[in-house]
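With mmCIF, N, CA and C atoms inside, this is input_14.cif:
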```cif
data_start
#
loop_
_atom_site.label_atom_id
_atom_site.label_comp_id
_atom_site.auth_asym_id
_atom_site.auth_seq_id
_atom_site.Cartn_x
_atom_site.Cartn_y
_atom_site.Cartn_z
N MET I 562 20.82 7.37 10.45
CA MET I 562 19.92 6.25 10.26
C MET I 562 18.95 6.57 9.14
N THR I 563 18.70 5.60 8.34
CA THR I 563 17.74 5.77 7.27
C THR I 563 16.63 4.76 7.47
N PHE I 564 15.40 5.23 7.34
CA PHE I 564 14.23 4.37 7.52
C PHE I 564 13.39 4.43 6.27
N GLY I 565 13.04 3.27 5.76
CA GLY I 565 12.17 3.21 4.60
C GLY I 565 10.72 3.29 5.01
N VAL I 566 9.88 3.68 4.10
CA VAL I 566 8.44 3.75 4.36
C VAL I 566 7.84 2.42 3.95
N ILE I 567 7.10 1.82 4.83
CA ILE I 567 6.45 0.55 4.58
C ILE I 567 4.96 0.84 4.44
N THR I 568 4.35 0.44 3.36
CA THR I 568 2.92 0.67 3.21
C THR I 568 2.18 -0.65 3.23
N SER I 569 1.22 -0.76 4.10
CA SER I 569 0.35 -1.92 4.21
C SER I 569 -0.87 -1.51 5.01
N GLU I 570 -1.83 -2.38 5.09
CA GLU I 570 -3.01 -2.07 5.88
C GLU I 570 -2.81 -2.56 7.31
N ALA I 571 -3.19 -1.77 8.28
CA ALA I 571 -3.06 -2.14 9.69
C ALA I 571 -4.41 -1.92 10.35
N PHE I 572 -4.81 -2.85 11.18
CA PHE I 572 -6.08 -2.73 11.87
C PHE I 572 -5.87 -2.96 13.36
N SER I 573 -6.63 -2.30 14.18
CA SER I 573 -6.56 -2.43 15.63
C SER I 573 -7.94 -2.18 16.19
N SER I 574 -8.23 -2.82 17.30
CA SER I 574 -9.55 -2.61 17.90
C SER I 574 -9.70 -1.19 18.43
N SER I 575 -8.58 -0.49 18.69
CA SER I 575 -8.67 0.87 19.22
C SER I 575 -8.52 1.93 18.14
N MET I 576 -8.24 1.53 16.92
CA MET I 576 -8.07 2.50 15.84
C MET I 576 -8.98 2.14 14.68
N ALA I 577 -9.45 3.15 13.99
CA ALA I 577 -10.20 2.93 12.76
C ALA I 577 -9.23 2.39 11.71
N ARG I 578 -9.73 2.11 10.54
CA ARG I 578 -8.86 1.63 9.48
C ARG I 578 -7.72 2.61 9.26
N ALA I 579 -6.51 2.08 9.17
CA ALA I 579 -5.33 2.92 9.06
C ALA I 579 -4.32 2.25 8.13
N ARG I 580 -3.48 3.08 7.53
CA ARG I 580 -2.41 2.59 6.67
C ARG I 580 -1.10 2.72 7.42
N LEU I 581 -0.42 1.61 7.61
CA LEU I 581 0.86 1.61 8.29
C LEU I 581 1.92 2.21 7.37
N LEU I 582 2.51 3.32 7.80
CA LEU I 582 3.53 4.00 7.01
C LEU I 582 4.94 3.60 7.41
N LEU I 583 5.12 3.31 8.69
CA LEU I 583 6.46 3.02 9.19
C LEU I 583 6.36 2.07 10.37
N ASP I 584 7.14 1.01 10.33
CA ASP I 584 7.21 0.05 11.42
C ASP I 584 8.63 -0.49 11.42
N ASP I 585 9.47 0.05 12.29
CA ASP I 585 10.88 -0.31 12.29
C ASP I 585 11.38 -0.40 13.72
N LYS I 586 12.22 -1.39 13.97
CA LYS I 586 12.82 -1.55 15.29
C LYS I 586 14.29 -1.84 15.09
N ARG I 587 15.14 -1.09 15.80
CA ARG I 587 16.58 -1.28 15.75
C ARG I 587 17.07 -1.51 17.17
N VAL I 588 18.00 -2.46 17.31
CA VAL I 588 18.67 -2.67 18.59
C VAL I 588 20.14 -2.34 18.36
N PHE I 589 20.63 -1.38 19.11
CA PHE I 589 22.02 -0.95 19.00
C PHE I 589 22.93 -1.94 19.73
N ALA I 590 24.22 -1.89 19.43
CA ALA I 590 25.20 -2.79 20.05
C ALA I 590 25.21 -2.67 21.57
N ASP I 591 24.86 -1.48 22.08
CA ASP I 591 24.84 -1.29 23.55
C ASP I 591 23.53 -1.75 24.18
N GLY I 592 22.64 -2.36 23.38
CA GLY I 592 21.38 -2.89 23.89
C GLY I 592 20.22 -1.91 23.86
N MET I 593 20.49 -0.65 23.51
CA MET I 593 19.40 0.33 23.44
C MET I 593 18.52 0.05 22.24
N ILE I 594 17.23 0.37 22.38
CA ILE I 594 16.23 0.05 21.37
C ILE I 594 15.66 1.34 20.80
N LEU I 595 15.49 1.35 19.48
CA LEU I 595 14.82 2.44 18.77
C LEU I 595 13.66 1.79 18.02
N GLN I 596 12.44 2.22 18.34
CA GLN I 596 11.27 1.64 17.68
C GLN I 596 10.38 2.76 17.17
N LEU I 597 10.01 2.66 15.88
CA LEU I 597 9.20 3.67 15.22
C LEU I 597 7.96 3.04 14.64
N LYS I 598 6.79 3.58 14.97
CA LYS I 598 5.53 3.14 14.38
C LYS I 598 4.72 4.37 14.04
N LEU I 599 4.21 4.39 12.80
CA LEU I 599 3.44 5.53 12.34
C LEU I 599 2.34 5.03 11.40
N TRP I 600 1.11 5.43 11.69
CA TRP I 600 -0.04 5.08 10.86
C TRP I 600 -0.68 6.35 10.33
N GLU I 601 -1.23 6.27 9.14
CA GLU I 601 -2.07 7.34 8.61
C GLU I 601 -3.51 6.87 8.70
N LEU I 602 -4.32 7.61 9.44
CA LEU I 602 -5.73 7.25 9.62
C LEU I 602 -6.53 7.66 8.40
N GLN I 603 -7.56 6.93 8.12
CA GLN I 603 -8.41 7.25 6.97
C GLN I 603 -9.35 8.40 7.36
N PRO I 604 -9.38 9.48 6.56
CA PRO I 604 -10.27 10.62 6.87
C PRO I 604 -11.71 10.17 7.01
N PRO I 605 -12.43 10.72 7.92
CA PRO I 605 -12.13 11.87 8.78
C PRO I 605 -11.59 11.46 10.16
N ASP I 606 -11.14 10.23 10.31
CA ASP I 606 -10.69 9.73 11.62
C ASP I 606 -9.50 10.51 12.15
N ARG I 607 -9.47 10.70 13.46
CA ARG I 607 -8.38 11.38 14.17
C ARG I 607 -8.21 10.68 15.52
N VAL I 608 -7.00 10.76 16.07
CA VAL I 608 -6.76 10.31 17.44
C VAL I 608 -7.31 11.40 18.34
N ARG I 609 -8.15 11.04 19.30
CA ARG I 609 -8.74 12.03 20.21
C ARG I 609 -7.63 12.84 20.88
N GLY I 610 -7.67 14.16 20.73
CA GLY I 610 -6.66 15.05 21.30
C GLY I 610 -5.66 15.56 20.26
N SER I 611 -5.67 14.98 19.05
CA SER I 611 -4.78 15.42 17.97
C SER I 611 -5.62 16.00 16.84
N VAL I 612 -5.06 16.96 16.11
CA VAL I 612 -5.82 17.59 15.02
C VAL I 612 -5.42 17.07 13.65
N HIS I 613 -4.44 16.18 13.58
CA HIS I 613 -3.95 15.63 12.31
C HIS I 613 -4.43 14.19 12.16
N GLY I 614 -4.16 13.59 11.02
CA GLY I 614 -4.64 12.24 10.72
C GLY I 614 -3.61 11.15 10.90
N PHE I 615 -2.73 11.29 11.88
CA PHE I 615 -1.70 10.28 12.12
C PHE I 615 -1.78 9.75 13.54
N LYS I 616 -1.39 8.50 13.71
CA LYS I 616 -1.19 7.87 15.02
C LYS I 616 0.25 7.42 15.03
N TYR I 617 0.98 7.72 16.11
CA TYR I 617 2.39 7.35 16.13
C TYR I 617 2.87 6.98 17.53
N SER I 618 3.94 6.19 17.53
CA SER I 618 4.62 5.79 18.75
C SER I 618 6.10 5.65 18.41
N LEU I 619 6.90 6.57 18.91
CA LEU I 619 8.34 6.58 18.67
C LEU I 619 9.04 6.39 20.00
N PHE I 620 9.87 5.37 20.11
CA PHE I 620 10.45 4.96 21.39
C PHE I 620 11.96 4.82 21.29
N TYR I 621 12.65 5.30 22.33
CA TYR I 621 14.08 5.05 22.50
C TYR I 621 14.33 4.74 23.97
N GLY I 622 15.00 3.64 24.22
CA GLY I 622 15.31 3.27 25.59
C GLY I 622 15.86 1.86 25.65
N GLY I 623 15.89 1.32 26.85
CA GLY I 623 16.36 -0.04 27.07
C GLY I 623 15.18 -0.93 27.40
N GLU I 624 15.46 -2.20 27.60
CA GLU I 624 14.41 -3.14 28.01
C GLU I 624 13.78 -2.63 29.30
N GLY I 625 12.49 -2.29 29.25
CA GLY I 625 11.78 -1.81 30.44
C GLY I 625 12.18 -0.41 30.89
N GLN I 626 12.88 0.34 30.04
CA GLN I 626 13.37 1.67 30.41
C GLN I 626 13.10 2.65 29.27
N ARG I 627 12.14 3.53 29.45
CA ARG I 627 11.84 4.56 28.45
C ARG I 627 12.68 5.79 28.75
N ILE I 628 13.57 6.13 27.83
CA ILE I 628 14.38 7.34 27.95
C ILE I 628 13.71 8.48 27.20
N LEU I 629 13.20 8.17 25.99
CA LEU I 629 12.56 9.18 25.16
C LEU I 629 11.44 8.52 24.37
N ALA I 630 10.30 9.16 24.32
CA ALA I 630 9.19 8.65 23.51
C ALA I 630 8.33 9.82 23.04
N TYR I 631 7.93 9.77 21.78
CA TYR I 631 6.98 10.72 21.22
C TYR I 631 5.75 9.89 20.87
N ASP I 632 4.58 10.33 21.28
CA ASP I 632 3.36 9.62 20.91
C ASP I 632 2.16 10.55 20.99
N ASN I 633 1.03 10.03 20.53
CA ASN I 633 -0.21 10.80 20.63
C ASN I 633 -1.32 9.87 21.12
N GLU I 634 -1.16 9.48 22.34
CA GLU I 634 -2.14 8.64 23.02
C GLU I 634 -3.51 9.33 23.03
N ALA I 635 -4.54 8.54 22.79
CA ALA I 635 -5.91 9.09 22.75
C ALA I 635 -6.22 9.86 24.03
N GLY I 636 -6.71 11.07 23.86
CA GLY I 636 -7.08 11.91 24.99
C GLY I 636 -5.96 12.83 25.45
N LYS I 637 -4.71 12.44 25.25
CA LYS I 637 -3.58 13.28 25.64
C LYS I 637 -3.07 14.13 24.49
N GLY I 638 -3.31 13.70 23.28
CA GLY I 638 -2.79 14.42 22.12
C GLY I 638 -1.30 14.20 21.96
N ASP I 639 -0.67 15.04 21.17
CA ASP I 639 0.76 14.92 20.84
C ASP I 639 1.60 15.33 22.04
N HIS I 640 2.54 14.45 22.43
CA HIS I 640 3.39 14.77 23.56
C HIS I 640 4.69 13.98 23.52
N VAL I 641 5.64 14.40 24.37
CA VAL I 641 6.96 13.79 24.46
C VAL I 641 7.19 13.35 25.89
N HIS I 642 7.76 12.17 26.04
CA HIS I 642 8.21 11.67 27.34
C HIS I 642 9.73 11.73 27.34
N ARG I 643 10.29 12.47 28.27
CA ARG I 643 11.74 12.50 28.49
C ARG I 643 11.94 11.99 29.91
N GLY I 644 12.28 10.71 30.03
CA GLY I 644 12.31 10.10 31.34
C GLY I 644 10.91 10.14 31.93
N ALA I 645 10.77 10.63 33.14
CA ALA I 645 9.46 10.72 33.80
C ALA I 645 8.69 11.98 33.43
N GLU I 646 9.34 12.92 32.74
CA GLU I 646 8.70 14.19 32.37
C GLU I 646 7.91 14.05 31.07
N GLU I 647 6.71 14.61 31.06
CA GLU I 647 5.86 14.60 29.86
C GLU I 647 5.53 16.04 29.48
N THR I 648 5.79 16.39 28.20
CA THR I 648 5.51 17.74 27.72
C THR I 648 4.75 17.67 26.39
N PRO I 649 3.95 18.68 26.08
CA PRO I 649 3.25 18.70 24.80
C PRO I 649 4.23 18.78 23.63
N TYR I 650 3.81 18.28 22.48
CA TYR I 650 4.59 18.37 21.25
C TYR I 650 3.72 19.03 20.19
N LEU I 651 4.27 20.00 19.47
CA LEU I 651 3.55 20.68 18.40
C LEU I 651 3.80 19.94 17.10
N PHE I 652 2.85 19.11 16.69
CA PHE I 652 2.96 18.33 15.46
C PHE I 652 2.71 19.24 14.26
N THR I 653 3.61 19.16 13.25
CA THR I 653 3.40 19.90 12.00
C THR I 653 3.28 18.92 10.83
N THR I 654 4.30 18.08 10.65
CA THR I 654 4.28 17.04 9.61
C THR I 654 4.93 15.79 10.18
N PHE I 655 4.65 14.64 9.58
CA PHE I 655 5.27 13.44 10.11
C PHE I 655 6.77 13.41 9.78
N GLU I 656 7.20 14.09 8.71
CA GLU I 656 8.63 14.18 8.42
C GLU I 656 9.35 14.97 9.51
N THR I 657 8.75 16.08 9.94
CA THR I 657 9.34 16.88 11.01
C THR I 657 9.33 16.10 12.32
N LEU I 658 8.25 15.39 12.58
CA LEU I 658 8.16 14.55 13.78
C LEU I 658 9.33 13.57 13.83
N LEU I 659 9.56 12.83 12.74
CA LEU I 659 10.65 11.86 12.70
C LEU I 659 12.00 12.54 12.84
N ASP I 660 12.18 13.67 12.17
CA ASP I 660 13.43 14.40 12.28
C ASP I 660 13.68 14.88 13.70
N ASP I 661 12.66 15.46 14.34
CA ASP I 661 12.79 15.92 15.73
C ASP I 661 13.19 14.77 16.65
N PHE I 662 12.50 13.64 16.50
CA PHE I 662 12.77 12.48 17.35
C PHE I 662 14.18 11.94 17.11
N LEU I 663 14.53 11.71 15.85
CA LEU I 663 15.84 11.13 15.55
C LEU I 663 16.98 12.07 15.90
N THR I 664 16.76 13.37 15.78
CA THR I 664 17.78 14.35 16.20
C THR I 664 18.00 14.24 17.70
N GLU I 665 16.91 14.15 18.46
CA GLU I 665 17.03 14.05 19.91
C GLU I 665 17.69 12.74 20.32
N VAL I 666 17.37 11.66 19.64
CA VAL I 666 18.03 10.36 19.91
C VAL I 666 19.51 10.49 19.61
N GLY I 667 19.85 11.14 18.50
CA GLY I 667 21.26 11.34 18.15
C GLY I 667 22.02 12.08 19.24
N VAL I 668 21.41 13.10 19.80
CA VAL I 668 22.04 13.84 20.90
C VAL I 668 22.25 12.93 22.10
N LEU I 669 21.20 12.16 22.43
CA LEU I 669 21.31 11.23 23.57
C LEU I 669 22.40 10.17 23.35
N ARG I 670 22.62 9.81 22.10
CA ARG I 670 23.63 8.80 21.77
C ARG I 670 25.00 9.43 21.51
N GLY I 671 25.14 10.70 21.81
CA GLY I 671 26.44 11.35 21.65
C GLY I 671 26.79 11.68 20.22
N GLY I 672 25.75 11.97 19.41
CA GLY I 672 25.97 12.36 18.03
C GLY I 672 25.80 11.23 17.04
N ASP I 673 25.49 10.02 17.50
CA ASP I 673 25.29 8.84 16.63
C ASP I 673 23.85 8.79 16.18
N ARG I 674 23.55 9.49 15.10
CA ARG I 674 22.17 9.49 14.58
C ARG I 674 22.11 8.46 13.51
#
```

For this file, produce the structure as C-alpha cells.
Amino acid sequence: MTFGVITSEAFSSSMARARLLLDDKRVFADGMILQLKLWELQPPDRVRGSVHGFKYSLFYGGEGQRILAYDNEAGKGDHVHRGAEETPYLFTTFETLLDDFLTEVGVLRGGDR
C-alpha cells in the first residue's frame, strides 16, 4: 500500500494548531477498514504523555471491531491496541510508526500489505 502525504491545516478543540500530514481511509474487499490519521503539532505543543510533536490514530479492523490500533491518546502516551490488549509503543519517527503499523496489518492480512 502506498499513502501520499496530505498537507493542510487541521484544528480541533482538543488539540492546538496542527498540520494534517496524513488522512487516509481504505476499505478492503473483505470489509476490513484501514484508517490513518497523523498530525504534526506546532512547537512547543505535545500530546500529554508523548515526547514528540505528533498526534496520530492508526486503525485496522471491521465496523465496530478494533483488531489493531496505534495511537497516542492524551495522558496515555504512545501505545498499541491488539484486540483487548494495550501495550506501550516506543515512537522514534512517524515513518517508522507507519512502517511498523502497516507491516503488522500486512501480517494480519496474510501478507497483503

Given the file shown, determine the residues that the PyMOL selection byres (((chain I and resi 665 and name CA) around 12) and name CA) selects; report them as a PyMOL selection string.
-> chain I and resi 595+619-621+628-631+641-643+658-664+666-674

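Every residue that the PyMOL selection byres ((chain I and resi 639) around 6.5) selects in this file is listed here: Gly610, Ser611, Asp632, Asn633, Glu634, Lys637, Gly638, His640, Val641, Thr648, Pro649, Tyr650, Leu651 and Phe652 of chain I.
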
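Reported to one decimal place, the separation of atom CA of I:Ser618 from atom C of I:Glu647 is 14.9 Å.
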
Out of I:Glu646, I:Ala579, I:Val588, I:Ala635, which residue has the shortest atom-to-atom distance to I:Leu602 when counting all atoms listed in the file?
->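 Closest residue, counting all atoms listed in the file: I:Ala579.
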
For the atom pair atom C of I:Leu581 and atom N of I:Arg609, what is the interatomic distance in Å to one decimal place?
->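 That distance, rounded to one decimal, is 17.9 Å.
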
To one decimal in Å, tell me the separation between atom CA of I:Ile594 and atom N of I:Ala645.
->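 Atom N of I:Ala645 lies 16.7 Å from atom CA of I:Ile594.
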
Could you give me, as a ChimeraX atom specification, each residue of stretch 567-628 of chain I that DSSP assigns to strand (DSSP E) when run on this structure's backbone?
-> /I:569-573,576-588,594-602,615-623,626-628

Once DSSP has gone over the backbone, tell me which residues of chain I are in alpha helix (DSSP H), as a ChimeraX atom specification.
-> /I:655-669

Kindly resolve the PyMOL selection byres (((chain I and resi 604 and name CA) around 12) and name CA) on the present coordinates and return the residues as a PyMOL selection string.
-> chain I and resi 577-580+601-603+605-608+612-615
